[in-house]
file run32.csv (CSV, C-alpha atoms)
chain,number,residue,atom,x,y,z
A,1,MET,CA,77.8,53.4,-105.8
A,2,ASN,CA,81.5,53.9,-106.2
A,3,LEU,CA,83.1,51.4,-108.6
A,4,LEU,CA,86.7,50.7,-109.5
A,5,ILE,CA,86.7,49.3,-113.0
A,6,LEU,CA,89.7,47.3,-114.3
A,7,GLY,CA,89.9,46.8,-118.0
A,8,ALA,CA,87.8,49.9,-118.7
A,9,THR,CA,89.5,50.5,-122.1
A,10,GLY,CA,88.6,47.0,-123.3
A,11,PRO,CA,85.5,46.2,-125.3
A,12,THR,CA,83.6,44.8,-122.3
A,13,GLY,CA,84.9,47.3,-119.8
A,14,ARG,CA,83.6,50.2,-121.9
A,15,HIS,CA,80.1,48.9,-121.7
A,16,ILE,CA,80.4,48.6,-117.9
A,17,VAL,CA,81.6,52.2,-117.7
A,18,ASP,CA,78.7,53.4,-119.8
A,19,LEU,CA,76.1,51.5,-117.6
A,20,ALA,CA,77.6,52.9,-114.4
A,21,LEU,CA,77.6,56.5,-115.6
A,22,ARG,CA,74.1,56.3,-116.9
A,23,SER,CA,73.0,55.1,-113.5
A,24,GLY,CA,74.7,58.0,-111.8
A,25,ASP,CA,77.5,56.0,-110.1
A,26,LYS,CA,81.0,57.4,-109.6
A,27,VAL,CA,83.6,55.3,-111.3
A,28,THR,CA,87.4,55.1,-110.9
A,29,LEU,CA,89.2,53.8,-114.0
A,30,LEU,CA,92.7,52.3,-113.6
A,31,ALA,CA,94.5,52.3,-116.9
A,32,ARG,CA,98.1,51.9,-118.1
A,33,ARG,CA,97.3,54.3,-120.9
A,34,PRO,CA,94.9,57.0,-119.6
A,35,GLU,CA,95.1,58.7,-122.9
A,36,ALA,CA,93.1,55.7,-124.3
A,37,LEU,CA,90.2,56.9,-122.3
A,38,VAL,CA,90.0,60.2,-124.2
A,39,ASP,CA,88.1,58.6,-127.1
A,40,MET,CA,85.5,57.0,-124.8
A,41,THR,CA,82.4,59.1,-125.7
A,42,GLU,CA,80.6,57.9,-122.6
A,43,LEU,CA,83.0,60.0,-120.5
A,44,ALA,CA,82.2,63.2,-122.3
A,45,GLY,CA,80.9,65.9,-120.0
A,46,GLN,CA,80.9,63.6,-116.9
A,47,ALA,CA,84.1,64.6,-115.2
A,48,ASP,CA,82.3,64.8,-111.9
A,49,GLN,CA,81.6,61.1,-112.0
A,50,VAL,CA,84.9,59.9,-113.3
A,51,THR,CA,88.4,59.5,-111.7
A,52,VAL,CA,91.2,58.2,-113.9
A,53,VAL,CA,94.2,56.7,-112.2
A,54,ALA,CA,97.3,55.8,-114.1
A,55,GLY,CA,98.5,52.4,-113.2
A,56,ASP,CA,98.7,48.7,-113.8
A,57,ALA,CA,96.1,46.1,-112.8
A,58,THR,CA,98.9,43.7,-112.0
A,59,SER,CA,100.5,46.1,-109.5
A,60,HIS,CA,99.4,45.7,-105.8
A,61,HIS,CA,100.4,49.3,-105.1
A,62,ASP,CA,98.5,50.8,-108.1
A,63,VAL,CA,95.4,48.7,-107.5
A,64,ALA,CA,95.3,49.6,-103.8
A,65,LYS,CA,95.7,53.3,-104.6
A,66,ALA,CA,92.7,53.2,-107.0
A,67,MET,CA,90.7,51.0,-104.6
A,68,ILE,CA,90.5,53.5,-101.8
A,69,GLY,CA,86.9,54.6,-101.2
A,70,GLN,CA,85.3,52.0,-103.5
A,71,ASP,CA,82.3,49.9,-102.8
A,72,VAL,CA,83.0,47.2,-105.5
A,73,VAL,CA,85.7,46.2,-107.9
A,74,VAL,CA,84.6,45.1,-111.4
A,75,ALA,CA,87.4,43.5,-113.4
A,76,ALA,CA,87.0,43.0,-117.2
A,77,LEU,CA,90.6,42.3,-118.1
A,78,GLY,CA,91.5,40.5,-121.3
A,79,ARG,CA,94.3,39.8,-123.7
A,80,SER,CA,92.5,41.2,-126.8
A,81,THR,CA,93.3,38.9,-129.8
A,82,SER,CA,96.4,37.2,-128.1
A,83,VAL,CA,96.2,33.5,-127.2
A,84,ARG,CA,99.0,33.9,-124.7
A,85,ALA,CA,98.1,34.9,-121.1
A,86,ASP,CA,101.6,36.2,-120.2
A,87,ASP,CA,100.5,35.6,-116.6
A,88,LEU,CA,98.1,38.6,-116.8
A,89,PHE,CA,95.3,37.0,-114.9
A,90,THR,CA,97.4,35.4,-112.1
A,91,ARG,CA,99.3,38.6,-111.5
A,92,ALA,CA,96.1,40.8,-111.6
A,93,ALA,CA,94.3,38.4,-109.2
A,94,ALA,CA,97.1,38.5,-106.7
A,95,ALA,CA,97.2,42.3,-106.9
A,96,VAL,CA,93.4,42.7,-106.5
A,97,VAL,CA,93.1,40.2,-103.7
A,98,GLY,CA,96.0,41.7,-101.8
A,99,ALA,CA,94.9,45.3,-102.3
A,100,ALA,CA,91.3,44.5,-101.3
A,101,LYS,CA,92.4,43.0,-98.0
A,102,ASP,CA,94.7,46.0,-97.4
A,103,VAL,CA,92.1,48.6,-98.2
A,104,GLY,CA,89.0,46.8,-96.9
A,105,VAL,CA,87.0,46.4,-100.0
A,106,SER,CA,85.2,43.0,-100.1
A,107,ARG,CA,83.1,42.9,-103.3
A,108,LEU,CA,84.7,41.7,-106.5
A,109,VAL,CA,83.0,40.8,-109.9
A,110,TRP,CA,85.6,39.1,-112.1
A,111,LEU,CA,85.2,38.4,-115.8
A,112,SER,CA,86.4,34.9,-116.9
A,113,SER,CA,85.6,32.7,-119.8
A,114,PHE,CA,83.3,29.7,-120.2
A,115,GLY,CA,85.4,26.5,-120.3
A,116,VAL,CA,87.8,27.6,-117.5
A,117,GLY,CA,88.0,25.4,-114.4
A,118,ASP,CA,85.1,23.1,-113.7
A,119,THR,CA,82.9,24.8,-116.4
A,120,TYR,CA,84.9,22.8,-118.9
A,121,ARG,CA,82.9,19.7,-117.9
A,122,SER,CA,79.7,21.3,-119.2
A,123,ALA,CA,81.2,22.3,-122.5
A,124,SER,CA,80.1,20.9,-125.8
A,125,ALA,CA,82.5,18.7,-127.9
A,126,VAL,CA,83.1,21.7,-130.2
A,127,GLN,CA,83.9,24.0,-127.3
A,128,LYS,CA,86.2,21.5,-125.7
A,129,VAL,CA,88.3,21.3,-128.8
A,130,ILE,CA,88.8,25.1,-128.9
A,131,TYR,CA,89.4,25.4,-125.2
A,132,SER,CA,92.0,22.6,-125.1
A,133,THR,CA,94.0,23.8,-128.1
A,134,LEU,CA,93.8,27.4,-129.2
A,135,LEU,CA,92.9,28.8,-125.8
A,136,ARG,CA,94.8,26.4,-123.7
A,137,ASN,CA,97.4,28.8,-122.4
A,138,ILE,CA,95.0,31.6,-121.4
A,139,TYR,CA,92.6,29.2,-119.8
A,140,ALA,CA,95.3,27.6,-117.7
A,141,ASN,CA,96.3,31.0,-116.4
A,142,LYS,CA,92.7,32.0,-115.7
A,143,GLU,CA,92.1,28.8,-113.8
A,144,ILE,CA,95.0,29.5,-111.4
A,145,SER,CA,93.9,33.1,-110.9
A,146,GLU,CA,90.4,32.0,-110.0
A,147,LYS,CA,91.5,29.5,-107.5
A,148,ALA,CA,93.1,32.4,-105.7
A,149,ILE,CA,90.0,34.4,-105.9
A,150,ARG,CA,87.7,31.6,-104.7
A,151,SER,CA,89.9,31.1,-101.6
A,152,SER,CA,90.4,34.8,-100.9
A,153,GLY,CA,87.6,35.3,-98.4
A,154,LEU,CA,86.2,38.2,-100.6
A,155,ASP,CA,82.6,38.5,-101.8
A,156,TRP,CA,83.4,37.4,-105.3
A,157,THR,CA,81.4,36.6,-108.4
A,158,LEU,CA,83.1,34.8,-111.3
A,159,VAL,CA,81.4,35.4,-114.7
A,160,TYR,CA,81.8,32.8,-117.4
A,161,PRO,CA,80.6,34.0,-120.8
A,162,THR,CA,80.6,31.8,-123.9
A,163,MET,CA,82.1,33.2,-127.1
A,164,LEU,CA,82.0,37.0,-127.0
A,165,THR,CA,80.6,39.1,-129.9
A,166,LYS,CA,80.3,42.8,-130.6
A,167,ASP,CA,76.5,42.5,-131.2
A,168,PRO,CA,74.1,44.9,-129.5
A,169,ALA,CA,72.7,43.9,-126.2
A,170,LYS,CA,69.6,41.6,-126.4
A,171,GLY,CA,68.8,41.6,-122.7
A,172,THR,CA,67.4,38.1,-123.0
A,173,TYR,CA,70.5,36.1,-122.1
A,174,ARG,CA,70.6,33.0,-119.9
A,175,VAL,CA,72.5,32.8,-116.6
A,176,GLY,CA,73.1,29.9,-114.3
A,177,GLU,CA,75.8,28.3,-112.3
A,178,ARG,CA,75.7,25.6,-114.9
A,179,LEU,CA,74.0,25.6,-118.3
A,180,PRO,CA,73.8,22.9,-121.0
A,181,MET,CA,75.8,23.7,-124.1
A,182,LYS,CA,75.4,22.7,-127.8
A,183,GLY,CA,77.8,23.7,-130.6
A,184,ASN,CA,79.6,27.0,-129.9
A,185,PRO,CA,77.1,29.5,-128.5
A,186,THR,CA,77.8,33.2,-128.2
A,187,ILE,CA,76.9,36.2,-126.0
A,188,SER,CA,77.4,39.9,-126.7
A,189,ARG,CA,79.9,41.9,-124.7
A,190,ALA,CA,77.1,44.3,-124.0
A,191,ASP,CA,74.9,41.7,-122.4
A,192,VAL,CA,77.9,40.4,-120.3
A,193,ALA,CA,78.5,43.9,-119.1
A,194,ASP,CA,74.8,44.3,-118.2
A,195,PHE,CA,75.0,41.2,-116.1
A,196,MET,CA,78.3,42.1,-114.4
A,197,TYR,CA,77.0,45.6,-113.5
A,198,LYS,CA,73.7,44.2,-112.1
A,199,ALA,CA,75.7,41.6,-110.1
A,200,ALA,CA,77.9,44.3,-108.7
A,201,ARG,CA,74.8,46.0,-107.3
A,202,SER,CA,73.2,42.9,-105.8
A,203,THR,CA,74.0,40.2,-103.3
A,204,GLU,CA,72.4,37.4,-105.4
A,205,TRP,CA,75.6,36.2,-107.0
A,206,ILE,CA,78.1,36.6,-104.1
A,207,ASN,CA,80.4,33.6,-103.9
A,208,ARG,CA,78.8,32.0,-106.9
A,209,GLN,CA,79.9,31.4,-110.5
A,210,ALA,CA,77.7,32.7,-113.3
A,211,VAL,CA,77.7,31.0,-116.7
A,212,ILE,CA,76.1,33.4,-119.3
A,213,THR,CA,75.1,32.8,-122.9
A,214,ASP,CA,72.4,33.6,-125.4

call {"tool": "encode", "arguments": {"input": "run32.csv", "output": "structure tokens"}}
result
Amino acid sequence: MNLLILGATGPTGRHIVDLALRSGDKVTLLARRPEALVDMTELAGQADQVTVVAGDATSHHDVAKAMIGQDVVVAALGRSTSVRADDLFTRAAAAVVGAAKDVGVSRLVWLSSFGVGDTYRSASAVQKVIYSTLLRNIYANKEISEKAIRSSGLDWTLVYPTMLTKDPAKGTYRVGERLPMKGNPTISRADVADFMYKAARSTEWINRQAVITD
């Protein structure tokens, strides 16, 4: 499979890259700072599987250039520790949707966050406090971006993990379109990457949202 991975230098994206390479896929990585990929040990000795394209995930032109020849786009974009979106997700969604239609790529797996959009209704009281205060700006931008994705006509999957951790993968996570929540549950980035990669290779989650948690 040929994958375009957006956010490959981020903590979730790196796991997705590793999974794809171990499975023998060819990956294209779009990065504003290609030099940041040099330290990714999973790329060592696998130049025949990896293409690095310098560019911005919010640029229609850059995304379209990187998307040529791909079977699926997997987007694991994030704002690191910032609580401000700075329109990252709306601009990236517009670029990806527009480029996908231009190039003819239909499959998109997009990382979101639990609590965005209608998943907020299933959140626990503790989660709702966090989502409506500390994460309010980022979540509002994500919700707008996902409305554009849902109405795009693409074969999308939107992935909604609970609080992300750096723990090793457990492989025993729960996934559903809706899941009951208590307190503030977590999920490792490694397990989220595992699900996103599997979803990219399957038709099971096309045009569905996936809530994921331990």

call {"tool": "residues_near_point", "arguments": {"input": "run32.csv", "point": "(71.1, 40.8, -119.5)", "cutoff": "7 Å", "atoms": "all atoms listed in the file", "output": "PyMOL selection string"}}
result
chain A and resi 171-173+191-192+194-195

call {"tool": "closest_atom_pairs", "arguments": {"input": "run32.csv", "of": "segment 146-170 of chain A", "to": "segment 82-105 of chain A", "cutoff": "8 Å", "atoms": "only C-alpha atoms", "output": "Markdown table"}}
result
| residue | atom | partner | partner_atom | distance |
| --- | --- | --- | --- | --- |
| A:Glu146 | CA | A:Ala93 | CA | 7.5 |
| A:Ala148 | CA | A:Ala93 | CA | 7.0 |
| A:Ile149 | CA | A:Ala93 | CA | 6.7 |
| A:Ser152 | CA | A:Val97 | CA | 6.7 |
| A:Leu154 | CA | A:Val97 | CA | 7.8 |

call {"tool": "write_last_selection", "arguments": {"input": "run32.csv", "atoms": "C-alpha atoms", "output": "mmCIF file, in the frame of the given file"}}
result
data_model
loop_
_atom_site.group_PDB
_atom_site.id
_atom_site.type_symbol
_atom_site.label_atom_id
_atom_site.label_comp_id
_atom_site.auth_asym_id
_atom_site.auth_seq_id
_atom_site.Cartn_x
_atom_site.Cartn_y
_atom_site.Cartn_z
ATOM 1 C CA GLU A 146 90.400 32.000 -110.000
ATOM 2 C CA ALA A 148 93.100 32.400 -105.700
ATOM 3 C CA ILE A 149 90.000 34.400 -105.900
ATOM 4 C CA SER A 152 90.400 34.800 -100.900
ATOM 5 C CA LEU A 154 86.200 38.200 -100.600
#

call {"tool": "closest_residue", "arguments": {"input": "run32.csv", "among": "A:Thr51, A:Ser151, A:Gln209, A:Thr133", "to": "Ala8 of chain A", "atoms": "all atoms listed in the file"}}
result
A:Thr51

call {"tool": "closest_residue", "arguments": {"input": "run32.csv", "among": "A:Ile5, A:Val126, A:Ala140, A:Leu108", "to": "Ile206 of chain A", "atoms": "all atoms listed in the file"}}
result
A:Leu108

call {"tool": "closest_residue", "arguments": {"input": "run32.csv", "among": "A:Ala76, A:Leu6, A:Ala193, A:Met1", "to": "Ala57 of chain A", "atoms": "only C-alpha atoms"}}
result
A:Leu6
